Structures are given as C-alpha cells and as structure tokens.
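Colleague: Contents are mmCIF, C-alpha atoms; file name structure12.cif:
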```cif
data_target
#
loop_
_atom_site.label_atom_id
_atom_site.label_comp_id
_atom_site.auth_asym_id
_atom_site.auth_seq_id
_atom_site.Cartn_x
_atom_site.Cartn_y
_atom_site.Cartn_z
CA MET A 1 -64.36 134.65 -83.07
CA GLN A 2 -61.66 133.46 -85.32
CA THR A 3 -61.22 131.37 -88.39
CA ASP A 4 -59.69 127.97 -88.18
CA LEU A 5 -56.42 127.54 -89.94
CA PRO A 6 -55.91 124.44 -92.01
CA GLY A 7 -53.11 123.41 -89.70
CA HIS A 8 -50.05 121.51 -90.66
CA ARG A 9 -51.68 118.36 -91.92
CA HIS A 10 -50.71 116.42 -94.96
CA GLU A 11 -52.96 114.21 -97.01
CA TRP A 12 -50.66 111.26 -96.65
CA LEU A 13 -50.47 111.48 -92.90
CA ASP A 14 -53.39 110.68 -90.70
CA ASP A 15 -53.60 110.81 -86.93
CA ASP A 16 -52.44 107.21 -86.65
CA ALA A 17 -49.04 108.23 -87.92
CA GLY A 18 -48.32 110.02 -84.68
CA PRO A 19 -45.92 112.91 -84.45
CA VAL A 20 -43.39 112.96 -87.26
CA VAL A 21 -41.25 115.64 -85.66
CA ARG A 22 -40.12 115.37 -82.08
CA PRO A 23 -42.41 117.77 -80.26
CA TYR A 24 -39.79 120.06 -78.75
CA THR A 25 -37.60 120.33 -81.85
CA LEU A 26 -39.33 123.59 -82.63
CA THR A 27 -38.27 125.07 -79.32
CA GLY A 28 -34.66 124.00 -79.67
CA GLY A 29 -35.18 121.40 -76.96
CA ARG A 30 -36.49 123.86 -74.42
CA ALA A 31 -39.35 122.30 -72.53
CA ARG A 32 -39.77 125.04 -69.94
CA PRO A 33 -41.13 128.41 -70.94
CA SER A 34 -39.42 131.55 -69.71
CA THR A 35 -42.74 132.47 -68.16
CA ASP A 36 -44.36 130.16 -65.65
CA GLY A 37 -47.95 129.22 -65.47
CA LEU A 38 -49.64 130.53 -68.56
CA ASP A 39 -53.21 129.45 -67.97
CA LEU A 40 -54.97 127.44 -70.67
CA VAL A 41 -57.51 130.20 -71.03
CA ALA A 42 -55.12 133.12 -70.62
CA TYR A 43 -55.72 135.60 -73.45
CA VAL A 44 -52.77 136.36 -75.65
CA LEU A 45 -52.94 139.70 -77.37
CA ALA A 46 -50.40 140.79 -79.96
CA LYS A 47 -48.99 144.28 -79.72
CA PRO A 48 -50.45 146.52 -82.43
CA ASP A 49 -48.30 146.53 -85.56
CA PRO A 50 -45.59 144.25 -84.21
CA ASP A 51 -42.24 144.65 -85.92
CA LEU A 52 -41.50 141.03 -86.67
CA ALA A 53 -38.75 141.89 -89.16
CA ALA A 54 -36.64 143.02 -86.22
CA PHE A 55 -36.51 139.43 -84.96
CA PRO A 56 -35.11 137.23 -87.73
CA GLU A 57 -34.45 134.43 -85.23
CA LEU A 58 -38.15 133.73 -84.80
CA HIS A 59 -39.70 130.65 -86.42
CA PRO A 60 -42.70 130.75 -88.74
CA GLU A 61 -44.72 129.35 -85.83
CA HIS A 62 -43.83 132.39 -83.73
CA ARG A 63 -45.07 134.61 -86.53
CA LEU A 64 -48.30 132.64 -86.86
CA LEU A 65 -48.86 133.01 -83.13
CA VAL A 66 -48.50 136.77 -83.35
CA GLU A 67 -50.91 136.82 -86.26
CA LEU A 68 -53.48 134.65 -84.49
CA ALA A 69 -53.17 136.72 -81.33
CA GLY A 70 -54.07 139.90 -83.20
CA ARG A 71 -57.58 139.80 -81.88
CA GLY A 72 -56.82 138.22 -78.54
CA THR A 73 -56.92 134.44 -78.39
CA PRO A 74 -56.69 132.03 -75.45
CA VAL A 75 -53.59 129.83 -75.20
CA VAL A 76 -55.54 126.63 -75.71
CA GLU A 77 -57.05 127.87 -78.99
CA LEU A 78 -53.65 128.94 -80.26
CA ALA A 79 -52.37 125.44 -79.57
CA ALA A 80 -55.31 123.85 -81.37
CA ASP A 81 -55.03 126.21 -84.35
CA LEU A 82 -51.32 125.57 -84.77
CA ASP A 83 -51.73 121.87 -84.02
CA LEU A 84 -48.95 122.11 -81.45
CA ALA A 85 -48.84 120.76 -77.92
CA ILE A 86 -49.68 123.20 -75.14
CA GLY A 87 -46.20 122.85 -73.68
CA VAL A 88 -44.58 123.84 -76.98
CA VAL A 89 -46.90 126.81 -77.42
CA ARG A 90 -46.06 128.00 -73.91
CA VAL A 91 -42.35 128.03 -74.75
CA LEU A 92 -42.96 129.93 -77.99
CA LEU A 93 -45.20 132.43 -76.20
CA GLY A 94 -42.44 132.96 -73.64
CA ASP A 95 -40.14 133.94 -76.52
CA LEU A 96 -42.70 136.43 -77.79
CA LEU A 97 -43.33 137.85 -74.33
CA SER A 98 -39.65 138.44 -73.70
CA ARG A 99 -39.48 140.35 -76.99
CA GLY A 100 -42.51 142.42 -76.10
CA LEU A 101 -44.48 141.18 -79.11
CA VAL A 102 -47.47 139.94 -77.16
CA ALA A 103 -49.14 140.62 -73.84
CA VAL A 104 -50.87 137.98 -71.78
CA HIS A 105 -53.98 138.55 -69.76
CA GLN A 106 -54.17 135.86 -67.14
CA PRO A 107 -57.65 134.91 -66.01
CA PRO A 108 -58.60 135.77 -62.45
CA ARG A 109 -56.88 133.53 -59.93
CA ALA A 110 -58.21 130.81 -57.68
CA THR A 111 -59.07 133.21 -54.90
CA TYR A 112 -61.64 134.66 -57.19
CA LEU A 113 -65.22 133.59 -57.55
CA PRO A 114 -67.21 135.28 -60.29
CA ASP A 115 -69.70 137.73 -58.88
CA ASN A 116 -73.42 137.21 -59.13
CA ASP A 117 -73.74 139.46 -62.16
CA ILE A 118 -71.38 137.24 -64.13
CA LEU A 119 -73.07 134.03 -63.00
CA LYS A 120 -76.46 135.49 -63.86
CA ALA A 121 -75.18 136.53 -67.28
CA VAL A 122 -73.94 132.97 -67.85
CA VAL A 123 -77.29 131.44 -66.90
CA ASP A 124 -79.21 133.94 -69.03
CA GLY A 125 -76.81 133.41 -71.91
CA LEU A 126 -77.16 129.63 -71.70
CA ARG A 127 -80.94 129.85 -71.61
CA ALA A 128 -80.90 132.06 -74.69
CA LEU A 129 -78.73 129.70 -76.77
CA MET B 1 -42.40 139.41 -66.10
CA ASP B 2 -44.33 142.63 -66.22
CA SER B 3 -46.09 141.89 -69.45
CA VAL B 4 -47.88 139.06 -67.68
CA ARG B 5 -50.57 140.41 -65.53
CA TYR B 6 -54.00 139.87 -64.27
CA ASP B 7 -55.88 142.53 -66.05
CA GLY B 8 -59.16 142.59 -64.18
CA GLU B 9 -59.80 146.19 -65.04
CA ARG B 10 -59.31 145.65 -68.74
CA ARG B 11 -57.74 148.58 -70.39
CA GLY B 12 -57.72 149.59 -74.02
CA ASN B 13 -58.37 146.35 -75.84
CA ARG B 14 -61.24 144.51 -74.31
CA VAL B 15 -60.31 141.04 -73.26
CA PRO B 16 -63.21 138.71 -72.50
CA ILE B 17 -63.43 136.77 -69.28
CA ALA B 18 -62.99 133.06 -69.99
CA LEU B 19 -64.55 130.68 -67.51
CA LYS B 20 -63.42 127.06 -67.41
CA ILE B 21 -65.85 124.23 -66.85
CA LEU B 22 -64.60 120.67 -66.62
CA ILE B 23 -66.50 117.72 -68.04
CA ALA B 24 -65.41 114.63 -66.14
CA GLY B 25 -66.54 111.03 -65.74
CA GLY B 26 -65.42 107.54 -66.55
CA PHE B 27 -64.26 106.27 -69.90
CA GLY B 28 -67.17 106.17 -72.33
CA ALA B 29 -69.49 108.17 -70.09
CA GLY B 30 -70.09 110.70 -72.86
CA LYS B 31 -67.62 113.49 -72.04
CA THR B 32 -66.55 114.17 -75.62
CA THR B 33 -70.14 113.81 -76.78
CA LEU B 34 -71.32 116.44 -74.32
CA VAL B 35 -68.52 118.85 -75.24
CA SER B 36 -69.45 118.39 -78.93
CA ALA B 37 -73.14 118.92 -78.30
CA LEU B 38 -72.54 122.17 -76.43
CA SER B 39 -69.63 123.74 -78.29
CA GLU B 40 -70.34 126.47 -80.84
CA VAL B 41 -67.38 125.29 -82.87
CA ARG B 42 -66.43 121.77 -83.71
CA PRO B 43 -64.69 120.50 -80.61
CA LEU B 44 -61.04 121.33 -80.73
CA GLN B 45 -58.32 119.12 -79.54
CA THR B 46 -55.03 119.96 -78.03
CA GLU B 47 -52.24 117.90 -76.65
CA GLU B 48 -49.98 117.96 -73.72
CA ILE B 49 -46.72 116.10 -73.89
CA LEU B 50 -45.66 114.16 -70.87
CA THR B 51 -41.97 113.66 -70.52
CA GLY B 52 -40.57 111.35 -67.93
CA ALA B 53 -36.91 110.65 -67.44
CA GLY B 54 -36.31 106.95 -67.85
CA ILE B 55 -35.26 105.06 -64.75
CA ASP B 56 -32.53 103.19 -66.54
CA THR B 57 -29.25 104.96 -66.36
CA ASP B 58 -26.37 103.74 -68.37
CA ASP B 59 -23.11 105.39 -67.33
CA LEU B 60 -21.38 104.32 -70.50
CA SER B 61 -23.82 105.99 -72.81
CA GLY B 62 -24.34 109.08 -70.72
CA VAL B 63 -27.55 109.60 -72.59
CA GLU B 64 -30.75 110.15 -70.74
CA THR B 65 -33.55 107.92 -71.82
CA LYS B 66 -36.84 109.67 -71.89
CA THR B 67 -40.29 108.50 -72.59
CA THR B 68 -42.88 110.82 -73.99
CA THR B 69 -46.59 110.38 -74.20
CA THR B 70 -49.11 112.75 -75.58
CA VAL B 71 -52.46 113.22 -73.92
CA ALA B 72 -55.25 114.65 -76.00
CA MET B 73 -57.70 117.05 -74.41
CA ASP B 74 -60.99 117.96 -76.02
CA PHE B 75 -62.37 121.37 -75.50
CA GLY B 76 -65.23 123.46 -76.76
CA ARG B 77 -66.36 127.04 -76.51
CA ILE B 78 -69.64 128.82 -75.78
CA THR B 79 -69.71 132.57 -76.28
CA ILE B 80 -72.14 134.11 -73.81
CA ASN B 81 -71.51 137.68 -74.94
CA GLU B 82 -68.57 139.74 -76.13
CA ASP B 83 -67.17 139.89 -72.61
CA LEU B 84 -67.81 136.36 -71.47
CA GLN B 85 -66.89 132.94 -72.81
CA LEU B 86 -67.21 129.46 -71.41
CA TYR B 87 -64.55 126.89 -72.16
CA LEU B 88 -65.53 123.28 -71.68
CA PHE B 89 -62.72 120.82 -71.11
CA GLY B 90 -63.17 117.08 -71.26
CA THR B 91 -60.82 115.59 -68.68
CA PRO B 92 -58.37 112.88 -69.67
CA GLY B 93 -59.73 109.55 -68.54
CA GLN B 94 -56.84 107.81 -66.87
CA ASP B 95 -55.78 108.29 -63.29
CA ARG B 96 -52.16 108.73 -64.21
CA PHE B 97 -53.03 112.09 -65.75
CA TRP B 98 -54.13 113.64 -62.46
CA PHE B 99 -51.57 116.41 -62.75
CA LEU B 100 -53.26 117.52 -65.96
CA TRP B 101 -56.49 117.68 -64.01
CA ASP B 102 -54.80 120.08 -61.59
CA GLU B 103 -53.99 122.35 -64.47
CA LEU B 104 -57.49 122.12 -65.90
CA ALA B 105 -59.13 122.61 -62.51
CA PHE B 106 -57.01 125.62 -61.58
CA GLY B 107 -59.39 128.54 -61.39
CA ALA B 108 -62.24 126.51 -62.88
CA LEU B 109 -65.78 127.63 -62.27
CA GLY B 110 -66.93 124.08 -61.62
CA ALA B 111 -67.36 120.65 -63.08
CA VAL B 112 -69.90 118.27 -64.53
CA VAL B 113 -69.38 114.62 -63.62
CA LEU B 114 -71.08 112.39 -66.14
CA ALA B 115 -72.31 109.14 -64.68
CA ASP B 116 -73.19 106.03 -66.65
CA THR B 117 -75.54 103.92 -64.54
CA ARG B 118 -74.12 100.74 -66.07
CA ARG B 119 -70.71 101.60 -64.63
CA LEU B 120 -71.33 103.96 -61.75
CA ALA B 121 -68.04 103.19 -60.03
CA ASP B 122 -66.17 104.74 -62.96
CA CYS B 123 -67.08 108.23 -61.84
CA PHE B 124 -65.98 107.76 -58.19
CA PRO B 125 -62.46 109.13 -58.82
CA SER B 126 -63.87 112.29 -60.44
CA ILE B 127 -66.25 112.88 -57.54
CA ASP B 128 -63.47 112.32 -55.00
CA TYR B 129 -61.24 114.73 -56.85
CA PHE B 130 -63.72 117.61 -56.90
CA GLU B 131 -64.90 116.96 -53.32
CA GLN B 132 -61.35 117.05 -51.99
CA ARG B 133 -60.56 120.31 -53.73
CA GLY B 134 -63.82 122.00 -52.90
CA ILE B 135 -64.64 122.52 -56.57
CA PRO B 136 -68.40 122.76 -57.08
CA PHE B 137 -69.80 120.05 -59.31
CA VAL B 138 -73.06 118.54 -60.48
CA VAL B 139 -73.67 114.96 -61.55
CA GLY B 140 -75.23 114.42 -64.95
CA VAL B 141 -76.71 110.96 -65.24
CA ASN B 142 -76.32 110.17 -68.90
CA CYS B 143 -79.34 108.22 -70.08
CA PHE B 144 -77.98 105.64 -72.46
CA ASP B 145 -80.63 103.95 -74.57
CA ASP B 146 -79.94 100.48 -73.32
CA ALA B 147 -79.39 101.37 -69.69
CA ARG B 148 -81.88 100.43 -67.02
CA ARG B 149 -83.38 103.57 -65.58
CA PHE B 150 -82.67 104.11 -61.93
CA SER B 151 -84.21 106.77 -59.77
CA LEU B 152 -81.95 109.73 -59.11
CA GLU B 153 -82.22 108.95 -55.40
CA ALA B 154 -80.90 105.45 -55.94
CA VAL B 155 -77.96 106.83 -57.92
CA ARG B 156 -77.32 109.45 -55.25
CA ARG B 157 -77.17 106.76 -52.58
CA ALA B 158 -74.90 104.61 -54.69
CA LEU B 159 -72.53 107.53 -55.23
CA ASP B 160 -72.75 108.59 -51.58
CA LEU B 161 -73.27 112.17 -52.72
CA ASP B 162 -73.79 115.11 -50.41
CA PRO B 163 -77.44 116.14 -50.42
CA ASP B 164 -76.63 119.56 -51.81
CA VAL B 165 -74.92 118.25 -54.95
CA PRO B 166 -77.40 118.63 -57.82
CA MET B 167 -78.16 115.62 -59.99
CA VAL B 168 -79.61 115.94 -63.44
CA LEU B 169 -80.79 113.31 -65.89
CA CYS B 170 -79.35 114.14 -69.28
CA ASP B 171 -78.67 113.01 -72.79
CA ALA B 172 -75.11 113.98 -73.62
CA ARG B 173 -75.94 114.05 -77.35
CA ASP B 174 -78.62 116.67 -76.91
CA ARG B 175 -77.69 120.34 -76.75
CA GLN B 176 -80.76 121.43 -74.80
CA SER B 177 -80.19 118.68 -72.28
CA GLY B 178 -76.53 119.66 -71.94
CA LYS B 179 -77.51 123.29 -71.42
CA THR B 180 -79.78 122.24 -68.55
CA VAL B 181 -76.83 120.51 -66.90
CA LEU B 182 -74.61 123.59 -67.26
CA ILE B 183 -77.32 125.88 -65.91
CA SER B 184 -77.74 123.67 -62.86
CA LEU B 185 -73.96 123.85 -62.34
CA VAL B 186 -73.83 127.64 -62.53
CA GLU B 187 -76.80 127.93 -60.16
CA HIS B 188 -75.04 125.54 -57.81
CA VAL B 189 -71.88 127.69 -57.97
CA ALA B 190 -73.98 130.73 -57.15
CA ARG B 191 -75.36 128.95 -54.08
CA HIS B 192 -71.79 128.19 -53.04
CA ARG B 193 -71.00 131.85 -52.78
CA GLY B 194 -70.14 133.11 -49.36
CA GLU B 195 -68.53 129.82 -48.45
CA PRO B 196 -64.74 129.40 -48.31
CA VAL B 197 -63.28 130.03 -51.71
CA PRO B 198 -62.15 126.81 -53.41
CA THR B 199 -58.39 126.51 -53.70
CA ALA B 200 -57.12 124.77 -56.75
#
```
In structure tokens, how does this file's structure come out?
Modeller:
Amino acid sequence: MQTDLPGHRHEWLDDDAGPVVRPYTLTGGRARPSTDGLDLVAYVLAKPDPDLAAFPELHPEHRLLVELAGRGTPVVELAADLDLAIGVVRVLLGDLLSRGLVAVHQPPRATYLPDNDILKAVVDGLRAL
Amino acid sequence: MDSVRYDGERRGNRVPIALKILIAGGFGAGKTTLVSALSEVRPLQTEEILTGAGIDTDDLSGVETKTTTTVAMDFGRITINEDLQLYLFGTPGQDRFWFLWDELAFGALGAVVLADTRRLADCFPSIDYFEQRGIPFVVGVNCFDDARRFSLEAVRRALDLDPDVPMVLCDARDRQSGKTVLISLVEHVARHRGEPVPTA
C-alpha cells in the first residue's frame, strides 16, 4: 500500500545505542496530544493539496506525516515509517488536525462487531492468501 | 474536534476498515514469529514511551525526576481486499505493560493466545485477560520441535479453558498454519455474534 521510507537511521548507530534524542523533544515537551484517543489503526488522510507553506512553524516530521498520509495511512504505520514513538506521532497529528491539514477516520468503536459479510470476507480472503 | 469522526459511511476518499487482531502468549511462545509468518510486509515495529514521575521529590532542586522506558510492539498487516485490512499486534510480554494491552485490545476483533506446552503457565495471564474482557480468543498450541506432544484435550484441561474456546495445533513459523489459526478465530468471532458485545 505504501513504500517504506528509509527512516532516520545512521550507519554508525544501531538499535543498541538507544534513543539519541529525548523522545518528546520534537513535540516541544508536549506529551499529550490535543486530540484524545487516536486509535492505533485510525486512518489519517491528508487534505488534498495541503498548503504547508502557510505553516512555517511545522517541523519536517509534520511535513513527512502529511506526505505519508496522502493515501490514507493508519497511525501505527506512520509511527513505524517515521521511526517515532506512537505517543510522539499522536502529538504531531494533533497539531496537523488543529490546522486542518489532515482528517482522521477512527475505526468503529467497541460497541461494534463486524457484520457477517465482513467476517465472511475475512475468512475467504485468508483462505485465498 | 470535528475533524475526528467515525466515518462508517465513508465519503469521497475510500478508507479501508482496519481490524485489529492481538497475538498474545508468554515470552518465547512465538508471537513475533507468527506475526512475521503472516504479515505481507516485513513486520514493523513501533514504540510507546512510558513516562512515570519519579517518587523521589527533592524540594531544593524543584526538578521532577522522570523515568522513561520504551516498549516495542511488533505488528504486521494482511490486506484482504481494498476495503479491508487485518492488523496483527504482538502483545508486549511483561505484566507491567497491561495498560498497553488495553489500548491494543480496544475495539479488537479478537486474539490468538500462543501456548508453548513446555511452559503452559506462561499463557495464563493472557487467557485471564481476554476472558475477563469478553474478547473472543483461540488458543494456538505452538508445536516446537523438541516439545513433547500432548493431546489438545490434555492442554485444554491444563488451561481450564471453556469448552467453546477453539484450540488449534500450529507451527508459528508456517504461514499456512498461521492462516488456519486466524480463520478459526474469525469463525469463533462469528459464532459469538448475538451475544453481549465485548466492552474494551
């Protein structure tokens, strides 16, 4: 569905090095997003032709998020692609939401159970893999 | 915020439905292996940062001490069709990450509990968790090469499982075998229909 970005890795740093930047530096220390409860599989969809130039305060990571969300991407995949913690991505997405640059499609809530057609499609799809 | 919405009707841009399935079980039971075997992409990893305010307070410094830990979560994806995707999440192994489980389990379709017959007790906490929350689950008995084979009935008794919980022998390394486990889960979820809706 989407191509993997190379991420922010350096040759001279492996996973053992741990984080080299404090995780919430990017969010200016904000650990709580302006929007509560973005589900891990909520789809983020960028507005068509977003005018990013109008928001000079945004970080490169914000801009990458908008780019990645062009085709609609779940929160958890955005986090993996940017190699950022979920909590950080939620804060950044809150910034984009408040500027109207992205829309979020939350998955159906807990009161919901997929109907038989969906379950049947899943079983058929799995069998066909 | 009005830009956050449940968009069940899908307008304009088509947004697929993403269904969450949890892969749980004790440490070393094969969770990551199963996610890898089933995922259409290399398993992705994401992190959640846990921040806890330190209990030491030092009035002179006035500086909060905080401890942070990162918890890695493996996940994989299976695209069923253009409208439907499955996301498989391996659950973090340690009990102190229960609150992350709550997030993962919220709205989840169901769960697979992987059992290793050499260490059956390791999957008790997972089973308790899903039973208490009414989340449908199946038990996949991972057949490790060097493990003594037990009958499924013996394992069921040892786990004190309800008779309606499906049990499947599986090899977490094998995609076909993993598919069989997922299919039995979805069929089990379908049988659950009509009963009280699970609350996460």
Colleague: Convert the output of the PyMOL selection byres ((chain A) within 9 of (chain B)) on the shown file into explicit residues, formatted as a PyMOL selection string.
Modeller: chain A and resi 1+23+35+38-43+45+71-72+74+76-77+79-81+83-88+97-98+100+102-116+118-127+129
Colleague: Determine the residue set returned by the PyMOL selection byres ((chain A and resi 61) around 10) for the present structure, and present it as a count of residues only.
Modeller: 14
Colleague: What gap, in Å, lies between atom CA of A:Arg90 and atom CA of A:Leu78?
Modeller: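 About the pair atom CA of A:Arg90 and atom CA of A:Leu78: they are 9.9 Å apart.
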Colleague: Hey, which of B:Val139, B:Cys123, B:Leu22, B:Ala29 ends up closest to B:Thr91? Count only C-alpha atoms.
Modeller: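 Among B:Val139, B:Cys123, B:Leu22, B:Ala29, it is B:Leu22 that comes nearest to B:Thr91.
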Colleague: With only C-alpha atoms as the atoms that count, which of B:Ser177, B:Arg133, B:Val138, B:Arg156 lies nearest to B:Trp101?
Modeller: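 The answer is B:Arg133, which sits nearest to B:Trp101.
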Colleague: So, counting all atoms listed in the file, which residue among B:Leu88, B:Val165, B:Val155, B:Ala172 is closest to B:Thr117?
Modeller: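 Answer, going by the shortest atom-to-atom distance: B:Val155.
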Colleague: Mind giving me the straight-line distance from atom CA of B:Val112 to atom CA of B:Glu131 in Å, one decimal?
Modeller: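 Straight-line distance from atom CA of B:Val112 to atom CA of B:Glu131 works out to 12.3 Å.
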Colleague: Could you tell me, as a count of residues only, exactly which residues end up selected when the PyMOL selection byres ((chain B and resi 126) around 8) is applied to this structure?
Modeller: 11
Colleague: Provide the atom CA of A:Val44 to atom CA of A:Val75 distance in Å, to one decimal place.
Modeller: 6.6 Å
